[in-house]
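Participant: Take a look at this one; I'll ask things after.
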Amino acid sequence: MRKLTSNSQQASMKRGLIPAFLAAVIISVTGLLAPINAAQAKNTFVFANASPYDTMDPQVVFDVGRVAYRLNLYDGLLRWLDNPPKLNPWLAESYDISSDGKQYTFTLRANAKFHDGSPVEAKDVAYSIDRILALKKGASSLFVKVIKPGSTKAIDNRTVQFNLNKSSAIFLATVPEIHVMNSDLMKKHEKDGDWASAWVSKNDAGSGSFKLKRYDPAKGFLAERFVDHFLGWGDKYLDAIEFRTVKEINSRVLGLMKGDFHGADGYMPQDQIKRLMKTDEVNVFEEESMRIFYFIIHNGRSPMNDINFRKALSYSFDYTGFIKDILSDSVARNPVPLPNNIWGAPQGVKGYTYDLDKAREHLAKVKEPLREITIGALAGYGQTEQAAVLLQSALSKIGVKSKILSETWPVASGKMRNEQQMYDLLPLWKSTYYADPNNWVGEMYYGPNIGSRNNSWYQNDQVDQWITEAIGSTDQAVRAANYAKASTKVMEDAGGIFVYNTKWFGPYNKNVKGVRFCPIGNAQEMRWVYFE
């Protein structure tokens, strides 16, 4: 067994049972453990977000639109930080991994507390993973195949042991998605075996840097600084954070310009970003992200279950026009379901181009009768609506009727899990939840994930075999080759319409400092932010 502790400056991980992509895992939080300073800065940071915060339960959703409450109100054993993302210790101060790669033993910090003052203990970690498995929502698809309910053991108050069914190359990378909940508090609020779901959807059972003070699903949430957080605080910090739902892009922009908001999502249309860049009141930070923009295609429904129809769709999108004319070349063409800047991305793959003649050729080969198709869009996310209109216009030129249905993210994400309710196509982003190729092609196009993370109902035996081998392998070269082959095959099958890899343009009030961007969370963790 090998032990990694937060006393070392950097983990030196051997090749073998630990995937090499974690060789650079940083396990030191030096500089974050500054003592609490008595200085009190009375200030509240207000963030305008397009997505509604329809729940406060960290284990029923798994998206970036509502990530703020998960990152700020809850902690995990490990945390992804910075860009490129690095895995850091958080509630855990160290961990051991058995020689067969099936047993992970974490030692918790002695000073971590929940917001009610009770200690964070191993039993809380065991409860949290069992709750994720029982609810079968949120991040459950990451764990259900490798962890059985009840198999995670609290050895003592500070030692928790995960016992996996099989070795998993991605397990350590997914550990941050186990948001640890106060098990004693949750059990007090259970009703009829609901795992306290009704109560925690509106309340707080975490240990994060901020604790919930007010919540309104129609407006957002307000959280105040948790003075006793285990990482401590320096002399510059926020006393409170407020995340508001502001669906209209223009309202978010005007609010930033007037100083009503101190920050907003970093993926607004480029014309609005340029508008903000011109004002003296706003700074726009730029970072290369790992966030691909693509259309989900419902592969399980006619006529999309015909590869020729899917290829007709893929040849009907004006990639160059969208990237150059609408987005002002602020993104990079990305032709496969892996971002260009992640290891394992195939090299030299050109993908589809805008070619209506080829679209018509493939359309002529479709045997099933054509019908009007529904293109979804995310209300408040202008690029999805622009992409939907662009595709609709091209489809009309090749004789395919379509309609656009724009709905909020909570509504759209709910439909994505239902084979009957899912749109025929839906443009959206696939963000980084853990820095491994499996986060994209593995989650999105692996047959066993159909109905959970595989929302396109795509299934290919060869792709499944490559991904299965990649998940179980400890050799990064093998894993990279398999993910490259799988993502190329999905592209060739026109499993989706793959458009671009993105850049993050984060708009903040000029007085905001300490913003810390990570592709996982998109700078919405606020413990380092302060006003100058």
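Every chain in the structure tokens has a letter given in the order shown (A, B, ...), and although residue numbers restart at 1 in each chain, ligands are simply numbered from 1 in the order shown.
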Go through segment 91-167 of chain A residue by residue and, counting only C-alpha atoms, keep those with an atom at most 10 Å from segment 440-449 of chain A; for each kept residue give the shortest atom pair and its distance in Å to one decimal, ordered by chain and increasing number, as JSON lines.
Facilitator:
{"residue": "A:Ser141", "atom": "CA", "partner": "A:Asn449", "partner_atom": "CA", "distance": 7.1}
{"residue": "A:Leu142", "atom": "CA", "partner": "A:Glu443", "partner_atom": "CA", "distance": 8.5}
{"residue": "A:Lys145", "atom": "CA", "partner": "A:Pro448", "partner_atom": "CA", "distance": 9.3}
Participant: Let's have the selection written as a compact mmCIF listing (two decimals), in the first residue's frame, with C-alpha atoms.
Facilitator:
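This is the output file selection_39.txt:
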# COMPACT_ATOMS: atom_id res chain seq x y z
CA SER A 141 -23.75 6.91 -12.84
CA LEU A 142 -20.10 7.47 -11.89
CA LYS A 145 -21.05 0.14 -11.55
Participant: Write out as a list in words which residues come within 6 Å of Ala312 of chain A when counting only C-alpha atoms, dropping same-chain ones fewer than 2 positions away.
Facilitator: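 Once the nearby chain positions are removed, what remains is Phe309, Arg310, Ser314, Tyr315, Ala359, His362 and Leu363 of chain A.
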Participant: Excluding segment 483-500 of chain A and any residue of its chain fewer than 4 positions from it, enumerate the residues within 8 Å of it, using only C-alpha atoms, and give them as a short mmCIF file (atom, residue, chain, number, x, y, z; two decimals) with C-alpha atoms, in the first residue's frame.
Facilitator:
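So out19.cif came out as:
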data_model
loop_
_atom_site.label_atom_id
_atom_site.label_comp_id
_atom_site.auth_asym_id
_atom_site.auth_seq_id
_atom_site.Cartn_x
_atom_site.Cartn_y
_atom_site.Cartn_z
CA ILE A 292 -17.32 21.21 -25.87
CA PHE A 293 -20.40 22.52 -27.65
CA TYR A 294 -22.39 19.93 -29.57
CA PHE A 295 -25.89 18.80 -30.52
CA ILE A 296 -27.25 15.73 -28.83
CA ILE A 297 -28.99 13.63 -31.48
CA ASN A 299 -30.11 8.04 -31.95
CA ILE A 307 -27.06 6.92 -39.91
CA ARG A 310 -27.72 11.77 -38.86
CA LYS A 311 -25.04 12.43 -41.47
CA LEU A 313 -27.86 16.63 -40.04
CA SER A 314 -24.11 16.81 -39.52
CA TYR A 319 -19.59 25.27 -38.44
CA ILE A 323 -17.61 30.03 -35.17
CA VAL A 331 -13.55 29.22 -29.88
CA ALA A 332 -11.75 26.33 -31.60
CA ARG A 333 -13.33 23.86 -34.02
CA ASN A 334 -13.72 20.56 -32.19
CA PRO A 335 -14.94 17.72 -34.46
CA VAL A 336 -15.19 14.84 -31.93
CA PRO A 337 -16.70 14.26 -28.47
CA LEU A 338 -13.39 15.01 -26.73
CA GLY A 344 -6.57 10.98 -25.68
CA ALA A 345 -8.08 13.40 -28.18
CA PRO A 346 -7.48 12.02 -31.71
CA VAL A 349 -9.52 14.26 -37.48
CA GLY A 351 -14.92 15.89 -38.91
CA PRO A 437 -11.37 11.51 -21.41
CA ASN A 438 -14.07 9.32 -19.92
CA VAL A 441 -16.95 10.18 -24.73
CA GLY A 442 -17.23 7.64 -21.91
CA TYR A 445 -21.67 7.47 -25.64
CA SER A 456 -28.46 10.31 -27.10
CA TYR A 458 -26.33 5.85 -28.88
CA GLN A 462 -17.07 -1.67 -30.64
CA VAL A 463 -17.23 1.70 -28.86
CA TRP A 466 -12.97 0.26 -26.23
CA ILE A 467 -14.45 2.25 -23.34
CA ALA A 470 -10.15 2.06 -21.01
CA ARG A 479 -6.50 4.31 -22.42
#
Participant: Could you give me, as an MDAnalysis selection string, each residue of segment 226-371 of chain A that DSSP assigns to helix (DSSP H, G or I) when run on this structure's backbone?
Facilitator: chainID A and resid 249:258 270:277 307:314 319:326 356:363
Participant: So that I can see what lies close to Ala388 of chain A, please list as an MDAnalysis selection string the residues with an atom at most 12 Å from it, counting only C-alpha atoms and leaving out residues fewer than 3 positions away in the same chain.
Facilitator: chainID A and resid 294:296 313 316:318 322 373:379 381:385 391:395 402:406 424:428 497
Participant: Can you list every residue in segment 38-139 of chain A that DSSP puts in strand (DSSP E), as a count of residues only?
Facilitator: 26
Participant: Would you mind telling me which residue in A:Asn482, A:Asn203, A:Asn501, A:Thr432 lies nearest to Asn83 of chain A when using only C-alpha atoms?
Facilitator: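 Checking each of A:Asn482, A:Asn203, A:Asn501, A:Thr432 against Asn83 of chain A, counting only C-alpha atoms, the winner is A:Thr432.
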Participant: Fewer than 5 positions away in the same chain doesn't count, so skip those; otherwise give me all residues within 7 Å of segment 236-242 of chain A, counting only C-alpha atoms, as a ChimeraX atom specification.
Facilitator: /A:41-47,221-225,527-530
Participant: For the residues in the current selection, export C-alpha atoms as a PDB file, in the first residue's frame.
Facilitator:
ATOM      1  CA  ALA A  41     -15.071  42.913   5.803  1.00  0.00           C
ATOM      2  CA  LYS A  42     -18.824  43.341   5.537  1.00  0.00           C
ATOM      3  CA  ASN A  43     -19.478  42.564   1.888  1.00  0.00           C
ATOM      4  CA  THR A  44     -21.711  40.419  -0.267  1.00  0.00           C
ATOM      5  CA  PHE A  45     -20.836  39.151  -3.727  1.00  0.00           C
ATOM      6  CA  VAL A  46     -23.798  38.918  -6.133  1.00  0.00           C
ATOM      7  CA  PHE A  47     -23.577  36.526  -9.098  1.00  0.00           C
ATOM      8  CA  PHE A 221     -29.815  31.573  -2.733  1.00  0.00           C
ATOM      9  CA  LEU A 222     -27.851  33.604  -0.205  1.00  0.00           C
ATOM     10  CA  ALA A 223     -25.067  32.016   1.851  1.00  0.00           C
ATOM     11  CA  GLU A 224     -22.861  33.509   4.567  1.00  0.00           C
ATOM     12  CA  ARG A 225     -19.222  32.743   5.282  1.00  0.00           C
ATOM     13  CA  ARG A 527     -13.754  31.145  -0.980  1.00  0.00           C
ATOM     14  CA  TRP A 528     -10.775  32.931  -2.568  1.00  0.00           C
ATOM     15  CA  VAL A 529     -12.705  35.919  -3.912  1.00  0.00           C
ATOM     16  CA  TYR A 530     -12.666  39.343  -2.263  1.00  0.00           C
TER      17      TYR A 530
END
Participant: In Å to one decimal, how far is atom CA of Leu73 of chain A from atom CA of Glu177 of chain A?
Facilitator: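 Separation between atom CA of Glu177 of chain A and atom CA of Leu73 of chain A: 13.2 Å.
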Participant: Please determine, counting only C-alpha atoms, which residue among A:Gln161, A:Asn308, A:Ser118, A:Ser168 has the shortest atom-to-atom distance to Val144 of chain A.
Facilitator: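 Ranking A:Gln161, A:Asn308, A:Ser118, A:Ser168 by distance to Val144 of chain A, first place goes to A:Ser168.
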Participant: Could you jot down the atom CA of Gly300 of chain A to atom CA of Glu419 of chain A separation for me, Å, one decimal place?
Facilitator: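 About the pair atom CA of Gly300 of chain A and atom CA of Glu419 of chain A: they are 8.1 Å apart.
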Participant: If you count only C-alpha atoms, which residues fall within 9 Å of Lys102 of chain A, apart from same-chain ones fewer than 4 positions away, as a list in words?
Facilitator: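 Returned residues: Ile97, Ser98, Phe162, Asn163, Leu164, Asn165, Lys166, Ser167 and Ser168 of chain A.
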Participant: Can you pull out the residues contacting Leu276 of chain A? Cut-off 8 Å, using only C-alpha atoms, and skip same-chain residues under 6 positions away; I want them as a ChimeraX atom specification.
Facilitator: /A:253,257,282-284,507
Participant: Using atom CA of Gly208 of chain A and atom CA of Asp265 of chain A as the two end points, give the distance in Å to one decimal.
Facilitator: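 Computing it gives 21.4 Å between the two atoms.
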